[in-house]
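See structure below.
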Amino acid sequence: MEPISGQAIYVVLLRELKRFWRAKPRLIASIAQSFFFLLILGFGIGGLFGGALGGSYLTYIAPGIIAMSLLFASVFSGVSVIFDRQFGFFKEMLVAPVSRTSIISGKIFGGALTASIQGFLILVISTLLGAYVIDFRFALGVFGAVGIMLLITAGFVGLGVAIGSALTDFHAFQLITTFVMWPLFMLSGVFFPIETAPLPLQIVMLGDPLFYGVELLRFCLVGTITPILGPFGLFIALGVIVGFTLAMIAVGTVLFARAEA
Amino acid sequence: MKELTRVFNGEVTAVDNISFTVEEGEIFGFLGPNGAGKTTTLNMLATILRPTNGTASVNGFDIHEDPDSVRRSIGFVFQDPTLDIELTGRENLDFHGRLYGLSKKEREERIAEILEVVQLTDRADAYVKTYSGGMKRRLEIARGLLHYPKVLFLDEPTLGLDPQTRRAIWDYIQKLNQEHNVTIILTTHYTEEADHLCDRIQIIDFGKIVALDTPDNLKATLEGDIVGLTFKETAEAQKMLPILNEIDWVNSAIPVSGENSQAGMSSMIQMMRSMGGGGGEMMPAMGGGGGGGHPSMPKDPEKITEAMKMMAEHGGLMRSFRNIHLLVDDASKRLPEIIKRVDKVGIELASVTMNKPSLDDVFLSVTGRRIRDEQGSMMSMFRRFRTMRQARGGRTPR
C-alpha cells in the first residue's frame, strides 16, 4: 500500500478549507442558529431558572451551544463523503496513487479545523454576549477550549465519515440528523445539569460522548464541572473524549477504506 | 507499455473471462452496448475494482502486485463527471497535480500548458459549476493528462456531447496519441466514434469479447457491400430472387419487406444465425486478432433457401416484399451487371442503393442485434435469460 503522503493529506485539507470558506451561506446559517440559541434560550429561559445554577443560564448553556455547533459542523463534514461519492469526486481520489489513509487523514484534519473555526466564532459571540467572566483563568481556558474543540471535532468527523462510507444513499441524510445528531446534542447536558435528571436519563446521558465534551468545555470556559463524575471528573471526561476520538478515527478510516466507488 | 493481458471471471456476468493485449501507442476501443462490461473492465485495469479472478498488467505493472505503479502510469477520464464543481478549473488541476506528487513548478508549467491545449485558459479561474458540459469534459481530459500518463483510459469520452464538441475531442485525442505517444484505451457505444478514432476495436457484449480487429478488417468480415434493389411489384421481386441467387459472385440475396435497409439486414442476419448454430452456441466463437474465424454470411445456397423458407413461415416476409438485398464483393463494379441482369428479364427497377457495411452492421452480425436496440430481439432476450441463469447458478452454493 502507498505510504501516507503529507502532500496528499495537505491537499485534501486545503480542499476542505476552500469549500468551507466559499460556502458562506452555510457558515452564516450555522452561526446564526447558534446565536439564536444563545440569545433566545439564554435570556428567555434564563429568567425561569433564576440563580438556581449558580450563575446566569446563558453562562450555563454557552459551552453547550459551542459544542452543538462543533457537533453539527463536524458530523456533516464527515458525512460529505456521501456527496463526494454522489458527485463522482471520490473516484478522482481513488484512482490517484495515494493511500486512502492519507485521504481520510486530510478529511479529518480539514473537518476538525473548519468545525473548530465555527466553534471559535461561537465562543467569541458568547463572550461578547457576556456569558463568561473575563479574567486570567478564562484567558488560559480559551486555549484549553480550542484544544478540546479540535479533539472533539476530529472524533465526530470520524463518526461522520463512518456513517457516510456505510450509507450509499444521501437521502438518508435526514435520518442521520434526526436519529444521530439531535439525540447526541439533547443528551449532552447542554440545557439542564445531569444531576437534576431522573436516573435512567442520567445513564443514557453518560453514554453520550458529547456530554463529556460539553463538560470539558464548561470547565475550560466557566471553571465548573459536574460533580457526578467524581473528584477525577476532569480526567475521566478527557479520557472518554480521547478514547472516543481515536476509536471514531479508526472506524471511519476502516469503513472509508472499504467503501466502493 | 508493452503488453497487457488479462484473464478473469469478474463479477459473474459483468465481465466474463476476457483476454487481450493492447500495443504501446495504440488507440484501442471497447465497443459495446450499455451494460456490456466495458466500464467494469476499465475499472479493474485501473485498480479501482478487484477482479474476482485473473489478472492484468498495465505498463508492465501487475494490477494485484503493484497497483500503485499502475495508478502512476495511468490517467483516467471517467464516464460520469468527477470534478469538484465548487473549485475553479485551475484548482481542480492543481489538486490533481498534488495528488500525483508533482512539484509546484511542474504543476504551474503543466497546468498552463494543458489549459492551452484544451482551450480553457480564459476560464481557468471560474468555478467549474459555471462550465458547460463540453468544457467540463475538456477539463476532465486535461486533468487525466496532467501527470503525463503512459496510458490514458477514456470511458465514453463524448457521451452526451454535441457534434462540434465531439469532433473537437476526437481531434484532441488523436493529437495526444500522435504527439505525446499516449496509449489510449477508450470505451464507447457509438460505432462512428470507434470507427473514426480507433486503431483496433474490441466488440464486447454480455461481458465477452465477440470480435477484435481493426475497423476496416471488422467491416471486411461482412465480405462485400450491400446492394439494395427496390422493385415496383412484389411479384417482380419474387421472380428476380432466385435468378439473383444463381449468380456466383452474389454472396447472398435476401428479400426485405421494409423500406429500411438496416431492418432488412437485421432480419436476414438473425435468420441466418438462428439456423446456423446447431450446437447450442448461437454466436460463432470469435478468435481474437487475425481475420480468420469471423462470421460471414453463409454462401451455401441450401441454407439461404432454408432461411427464406423460415422467413416466409415465421416472418411473413415472402408474402409481400419489394426489396432485395444483395451482399456482393466490390459492388461498384458489379452494379451495372446487376442492373443488366434485371433488365434482361424485362423488369424495371424502382430504385437502387449501395452501402458499405458500417460498424453498425458488424456489430449486428457479431451480436445478433443492433447496438442501440434497447428492447432487444428474441435472441438477445434468450441470451440474457441464459446469462441470468448461469449467473444464478454460479452464485448458489452446491
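A note on labels: chains of the C-alpha cells are A, B, ... as shown, every chain counts residues from 1, and ligands are counted from 1 in their shown order.
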
request  = Find the residues near Arg107 (chain B): any atom within 10 Å, counting only C-alpha atoms, skip ones fewer than 4 places away on the same chain, and give them as a VMD selection string.
outcome  = chain B and resid 93 to 98 101 to 103 111 to 113 146 to 147

Would you write out, as JSON lines, a table of all residues in region 75-185 of chain A that have an atom no more than 12 Å from an atom of region 230-247 of chain A, listing for each the closest atom pair and the distance in Å to one decimal, considering only C-alpha atoms and ordering rows by chain and rising residue number?
{"residue": "A:Ile108", "atom": "CA", "partner": "A:Thr245", "partner_atom": "CA", "distance": 10.8}
{"residue": "A:Ala112", "atom": "CA", "partner": "A:Thr245", "partner_atom": "CA", "distance": 11.1}
{"residue": "A:Gly144", "atom": "CA", "partner": "A:Leu238", "partner_atom": "CA", "distance": 11.5}
{"residue": "A:Ala145", "atom": "CA", "partner": "A:Leu238", "partner_atom": "CA", "distance": 11.9}
{"residue": "A:Gly147", "atom": "CA", "partner": "A:Leu238", "partner_atom": "CA", "distance": 11.2}
{"residue": "A:Ile148", "atom": "CA", "partner": "A:Leu238", "partner_atom": "CA", "distance": 8.7}
{"residue": "A:Met149", "atom": "CA", "partner": "A:Ile241", "partner_atom": "CA", "distance": 10.6}
{"residue": "A:Leu150", "atom": "CA", "partner": "A:Thr245", "partner_atom": "CA", "distance": 10.1}
{"residue": "A:Leu151", "atom": "CA", "partner": "A:Thr245", "partner_atom": "CA", "distance": 6.8}
{"residue": "A:Ile152", "atom": "CA", "partner": "A:Thr245", "partner_atom": "CA", "distance": 6.6}
{"residue": "A:Thr153", "atom": "CA", "partner": "A:Thr245", "partner_atom": "CA", "distance": 8.2}
{"residue": "A:Ala154", "atom": "CA", "partner": "A:Thr245", "partner_atom": "CA", "distance": 6.3}
{"residue": "A:Gly155", "atom": "CA", "partner": "A:Thr245", "partner_atom": "CA", "distance": 3.7}
{"residue": "A:Phe156", "atom": "CA", "partner": "A:Thr245", "partner_atom": "CA", "distance": 7.3}
{"residue": "A:Val157", "atom": "CA", "partner": "A:Thr245", "partner_atom": "CA", "distance": 9.1}
{"residue": "A:Gly158", "atom": "CA", "partner": "A:Thr245", "partner_atom": "CA", "distance": 7.5}
{"residue": "A:Leu159", "atom": "CA", "partner": "A:Thr245", "partner_atom": "CA", "distance": 8.7}
{"residue": "A:Gly160", "atom": "CA", "partner": "A:Thr245", "partner_atom": "CA", "distance": 11.8}
{"residue": "A:Ala162", "atom": "CA", "partner": "A:Ala247", "partner_atom": "CA", "distance": 10.9}

request  = Identify which of the residues A:Ala250, A:Ala96, A:Leu175, A:Gly110 lies closest to Ser73 (chain B), counting only C-alpha atoms when measuring atom-to-atom distances.
outcome  =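 Closest to Ser73 (chain B), using only C-alpha atoms: A:Ala96.
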
request  = With a cut-off of 10 Å and counting only C-alpha atoms, select all residues of chain A in contact with chain B and give the selection as an MDAnalysis selection string.
outcome  = chainID A and resid 1:2 5:12 14:15 18:19 22:23 84:99 103 260:261

Go ahead and save the residues from that selection, with C-alpha atoms, as a short mmCIF file (atom, residue, chain, number, x, y, z; two decimals), in the first residue's frame.
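This is the output file out30.cif:
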data_model
loop_
_atom_site.label_atom_id
_atom_site.label_comp_id
_atom_site.auth_asym_id
_atom_site.auth_seq_id
_atom_site.Cartn_x
_atom_site.Cartn_y
_atom_site.Cartn_z
CA MET A 1 0.00 0.00 0.00
CA GLU A 2 1.07 3.52 -0.71
CA SER A 5 1.77 11.22 1.94
CA GLY A 6 1.99 14.64 3.54
CA GLN A 7 1.14 16.36 0.31
CA ALA A 8 -1.97 14.25 -0.21
CA ILE A 9 -3.16 14.99 3.33
CA TYR A 10 -2.47 18.66 2.80
CA VAL A 11 -4.33 18.86 -0.49
CA VAL A 12 -7.46 17.20 0.90
CA LEU A 14 -6.83 22.50 1.58
CA ARG A 15 -9.90 21.48 -0.37
CA LYS A 18 -11.60 26.24 0.43
CA ARG A 19 -15.00 24.69 0.28
CA ARG A 22 -16.74 29.52 -0.10
CA ALA A 23 -19.93 28.09 1.34
CA ASP A 84 -18.16 13.23 -2.96
CA ARG A 85 -19.27 9.80 -3.98
CA GLN A 86 -22.57 11.02 -5.39
CA PHE A 87 -20.87 13.70 -7.46
CA GLY A 88 -18.02 11.49 -8.53
CA PHE A 89 -15.10 13.32 -6.98
CA PHE A 90 -14.44 10.27 -4.83
CA LYS A 91 -13.25 8.39 -7.92
CA GLU A 92 -10.71 11.06 -8.73
CA MET A 93 -9.18 10.48 -5.31
CA LEU A 94 -9.41 6.69 -5.50
CA VAL A 95 -7.65 6.36 -8.82
CA ALA A 96 -4.77 8.54 -7.65
CA PRO A 97 -1.60 6.88 -6.36
CA VAL A 98 -2.24 7.87 -2.74
CA SER A 99 -3.47 5.72 0.09
CA ILE A 103 -7.18 10.98 2.02
CA GLU A 260 -16.51 1.17 -3.19
CA ALA A 261 -16.65 3.97 -5.67
#

message = Can you measure CA of Thr165 (chain B) to CA of Ile203 (chain B) for me? One decimal in Å is fine.
response = 24.9 Å

task = Fewer than 4 positions away in the same chain doesn't count, so skip those; otherwise give me all residues within 9 Å of Asn245 (chain B), counting only C-alpha atoms, as a list in words.
result =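 Neighbouring residues, sequence-local ones excluded: Met240, Leu241, Val250, Asn251, Ser252, Ala253, Ile254, Pro301, Ile304 and Leu326 of chain B.
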
Enumerate as a PDB file with N, CA and C atoms, in the first residue's frame all residues of region 185-265 of chain B assigned to strand (DSSP E or B) by DSSP on the backbone, naming them with the chain letters and numbers the document uses.
ATOM      1  N   ILE B 185      -6.925   3.872 -24.284  1.00  0.00           N
ATOM      2  CA  ILE B 185      -7.922   2.809 -24.252  1.00  0.00           C
ATOM      3  C   ILE B 185      -9.254   3.474 -23.961  1.00  0.00           C
ATOM      4  N   LEU B 186     -10.160   3.384 -24.893  1.00  0.00           N
ATOM      5  CA  LEU B 186     -11.430   4.067 -24.675  1.00  0.00           C
ATOM      6  C   LEU B 186     -12.601   3.118 -24.817  1.00  0.00           C
ATOM      7  N   THR B 187     -13.688   3.465 -24.173  1.00  0.00           N
ATOM      8  CA  THR B 187     -14.912   2.695 -24.348  1.00  0.00           C
ATOM      9  C   THR B 187     -15.914   3.608 -25.022  1.00  0.00           C
ATOM     10  N   THR B 188     -16.789   3.018 -25.782  1.00  0.00           N
ATOM     11  CA  THR B 188     -17.816   3.821 -26.430  1.00  0.00           C
ATOM     12  C   THR B 188     -18.961   2.909 -26.822  1.00  0.00           C
ATOM     13  N   ARG B 200      -7.617  -0.228 -33.260  1.00  0.00           N
ATOM     14  CA  ARG B 200      -8.250  -1.550 -33.171  1.00  0.00           C
ATOM     15  C   ARG B 200      -9.470  -1.448 -32.269  1.00  0.00           C
ATOM     16  N   ILE B 201     -10.438  -2.277 -32.576  1.00  0.00           N
ATOM     17  CA  ILE B 201     -11.684  -2.253 -31.815  1.00  0.00           C
ATOM     18  C   ILE B 201     -11.949  -3.634 -31.271  1.00  0.00           C
ATOM     19  N   GLN B 202     -12.374  -3.649 -30.035  1.00  0.00           N
ATOM     20  CA  GLN B 202     -12.790  -4.898 -29.434  1.00  0.00           C
ATOM     21  C   GLN B 202     -14.284  -4.773 -29.174  1.00  0.00           C
ATOM     22  N   ILE B 203     -15.061  -5.635 -29.784  1.00  0.00           N
ATOM     23  CA  ILE B 203     -16.505  -5.578 -29.541  1.00  0.00           C
ATOM     24  C   ILE B 203     -16.807  -6.477 -28.362  1.00  0.00           C
ATOM     25  N   ILE B 204     -17.485  -5.921 -27.381  1.00  0.00           N
ATOM     26  CA  ILE B 204     -17.727  -6.639 -26.146  1.00  0.00           C
ATOM     27  C   ILE B 204     -19.231  -6.636 -25.904  1.00  0.00           C
ATOM     28  N   ASP B 205     -19.728  -7.789 -25.525  1.00  0.00           N
ATOM     29  CA  ASP B 205     -21.160  -7.923 -25.315  1.00  0.00           C
ATOM     30  C   ASP B 205     -21.392  -8.972 -24.249  1.00  0.00           C
ATOM     31  N   LYS B 208     -18.360 -10.576 -22.747  1.00  0.00           N
ATOM     32  CA  LYS B 208     -17.447 -11.399 -23.533  1.00  0.00           C
ATOM     33  C   LYS B 208     -16.963 -10.612 -24.751  1.00  0.00           C
ATOM     34  N   ILE B 209     -15.741 -10.939 -25.175  1.00  0.00           N
ATOM     35  CA  ILE B 209     -15.229 -10.329 -26.394  1.00  0.00           C
ATOM     36  C   ILE B 209     -15.814 -11.094 -27.567  1.00  0.00           C
ATOM     37  N   VAL B 210     -16.498 -10.398 -28.445  1.00  0.00           N
ATOM     38  CA  VAL B 210     -17.067 -11.111 -29.580  1.00  0.00           C
ATOM     39  C   VAL B 210     -16.322 -10.811 -30.876  1.00  0.00           C
ATOM     40  N   ALA B 211     -15.500  -9.793 -30.892  1.00  0.00           N
ATOM     41  CA  ALA B 211     -14.686  -9.516 -32.074  1.00  0.00           C
ATOM     42  C   ALA B 211     -13.546  -8.598 -31.678  1.00  0.00           C
ATOM     43  N   LEU B 212     -12.426  -8.719 -32.366  1.00  0.00           N
ATOM     44  CA  LEU B 212     -11.289  -7.845 -32.084  1.00  0.00           C
ATOM     45  C   LEU B 212     -10.467  -7.687 -33.346  1.00  0.00           C
ATOM     46  N   ASP B 213     -10.457  -6.470 -33.895  1.00  0.00           N
ATOM     47  CA  ASP B 213      -9.671  -6.236 -35.103  1.00  0.00           C
ATOM     48  C   ASP B 213      -9.677  -4.738 -35.425  1.00  0.00           C
ATOM     49  N   ASP B 225     -20.253  -5.549 -50.170  1.00  0.00           N
ATOM     50  CA  ASP B 225     -21.082  -4.374 -49.968  1.00  0.00           C
ATOM     51  C   ASP B 225     -22.536  -4.802 -50.050  1.00  0.00           C
ATOM     52  N   ILE B 226     -23.375  -3.951 -49.557  1.00  0.00           N
ATOM     53  CA  ILE B 226     -24.794  -4.259 -49.587  1.00  0.00           C
ATOM     54  C   ILE B 226     -25.443  -3.461 -50.709  1.00  0.00           C
ATOM     55  N   VAL B 227     -26.046  -4.174 -51.652  1.00  0.00           N
ATOM     56  CA  VAL B 227     -26.767  -3.510 -52.735  1.00  0.00           C
ATOM     57  C   VAL B 227     -28.247  -3.734 -52.488  1.00  0.00           C
ATOM     58  N   GLY B 228     -28.988  -2.674 -52.405  1.00  0.00           N
ATOM     59  CA  GLY B 228     -30.426  -2.792 -52.189  1.00  0.00           C
ATOM     60  C   GLY B 228     -31.184  -2.504 -53.472  1.00  0.00           C
ATOM     61  N   LEU B 229     -31.997  -3.457 -53.904  1.00  0.00           N
ATOM     62  CA  LEU B 229     -32.804  -3.274 -55.108  1.00  0.00           C
ATOM     63  C   LEU B 229     -34.255  -3.135 -54.689  1.00  0.00           C
ATOM     64  N   THR B 230     -34.930  -2.125 -55.205  1.00  0.00           N
ATOM     65  CA  THR B 230     -36.348  -1.976 -54.909  1.00  0.00           C
ATOM     66  C   THR B 230     -37.136  -2.136 -56.204  1.00  0.00           C
ATOM     67  N   PHE B 231     -38.118  -3.009 -56.151  1.00  0.00           N
ATOM     68  CA  PHE B 231     -38.946  -3.267 -57.334  1.00  0.00           C
ATOM     69  C   PHE B 231     -40.290  -2.589 -57.169  1.00  0.00           C
ATOM     70  N   VAL B 250     -22.641 -13.290 -56.325  1.00  0.00           N
ATOM     71  CA  VAL B 250     -23.541 -12.727 -55.308  1.00  0.00           C
ATOM     72  C   VAL B 250     -23.443 -13.612 -54.075  1.00  0.00           C
ATOM     73  N   ASN B 251     -22.966 -13.064 -53.006  1.00  0.00           N
ATOM     74  CA  ASN B 251     -22.790 -13.878 -51.799  1.00  0.00           C
ATOM     75  C   ASN B 251     -24.125 -14.310 -51.215  1.00  0.00           C
ATOM     76  N   SER B 252     -25.091 -13.411 -51.276  1.00  0.00           N
ATOM     77  CA  SER B 252     -26.431 -13.802 -50.882  1.00  0.00           C
ATOM     78  C   SER B 252     -27.416 -12.756 -51.354  1.00  0.00           C
ATOM     79  N   ALA B 253     -28.632 -13.203 -51.597  1.00  0.00           N
ATOM     80  CA  ALA B 253     -29.703 -12.294 -51.984  1.00  0.00           C
ATOM     81  C   ALA B 253     -30.880 -12.590 -51.071  1.00  0.00           C
ATOM     82  N   ILE B 254     -31.351 -11.566 -50.428  1.00  0.00           N
ATOM     83  CA  ILE B 254     -32.334 -11.757 -49.370  1.00  0.00           C
ATOM     84  C   ILE B 254     -33.520 -10.832 -49.596  1.00  0.00           C
ATOM     85  N   PRO B 255     -34.718 -11.353 -49.485  1.00  0.00           N
ATOM     86  CA  PRO B 255     -35.888 -10.482 -49.603  1.00  0.00           C
ATOM     87  C   PRO B 255     -36.073  -9.641 -48.348  1.00  0.00           C
ATOM     88  N   VAL B 256     -36.449  -8.400 -48.547  1.00  0.00           N
ATOM     89  CA  VAL B 256     -36.622  -7.485 -47.420  1.00  0.00           C
ATOM     90  C   VAL B 256     -37.960  -6.791 -47.588  1.00  0.00           C
TER      91      VAL B 256
END

query = Quick one: distance from CA of Gly32 (chain B) to CA of His189 (chain B) in Å, one decimal?
reply =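 Between these atoms lies a distance of 5.2 Å.
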
inquiry  = Excluding Thr127 (chain A) and its own-chain neighbours fewer than 2 positions away, which residues fall within 12 Å of it when counting only C-alpha atoms? Please give them as a ChimeraX atom specification.
reply    = /A:35,38,58-59,62-63,66,120-125,129-135,138-139,142,221-222

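From CA of Asp62 (chain B) back to CA of Gly35 (chain B), the distance works out to 26.0 Å.
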
Residue list (helix (DSSP H, G or I), DSSP) for region 52-158 of chain A, as a VMD selection string = chain A and resid 57 to 79 81 to 86 89 to 94 100 to 128 136 to 158

inquiry  = For a quick check of understanding, using only C-alpha atoms, which of B:Cys198, B:Met135, B:Leu218, B:Ile63 has the smallest distance to Asp162 (chain B)?
reply    = B:Met135

ask   = If you count only C-alpha atoms, which residues fall within 12 Å of Phe20 (chain A), apart from same-chain ones fewer than 2 positions away, as number ranges by chain?
value = A: 13-18, 22-28, 30, 73-74, 76-77, 80, 110-118; B: 86-87

key: Contact residues around Trp182 (chain A) with only C-alpha atoms at 12 Å, ignoring same-chain residues under 2 positions, as a VMD selection string   = chain A and resid 68 to 69 71 to 72 75 174 to 180 184 to 188 190 208 210
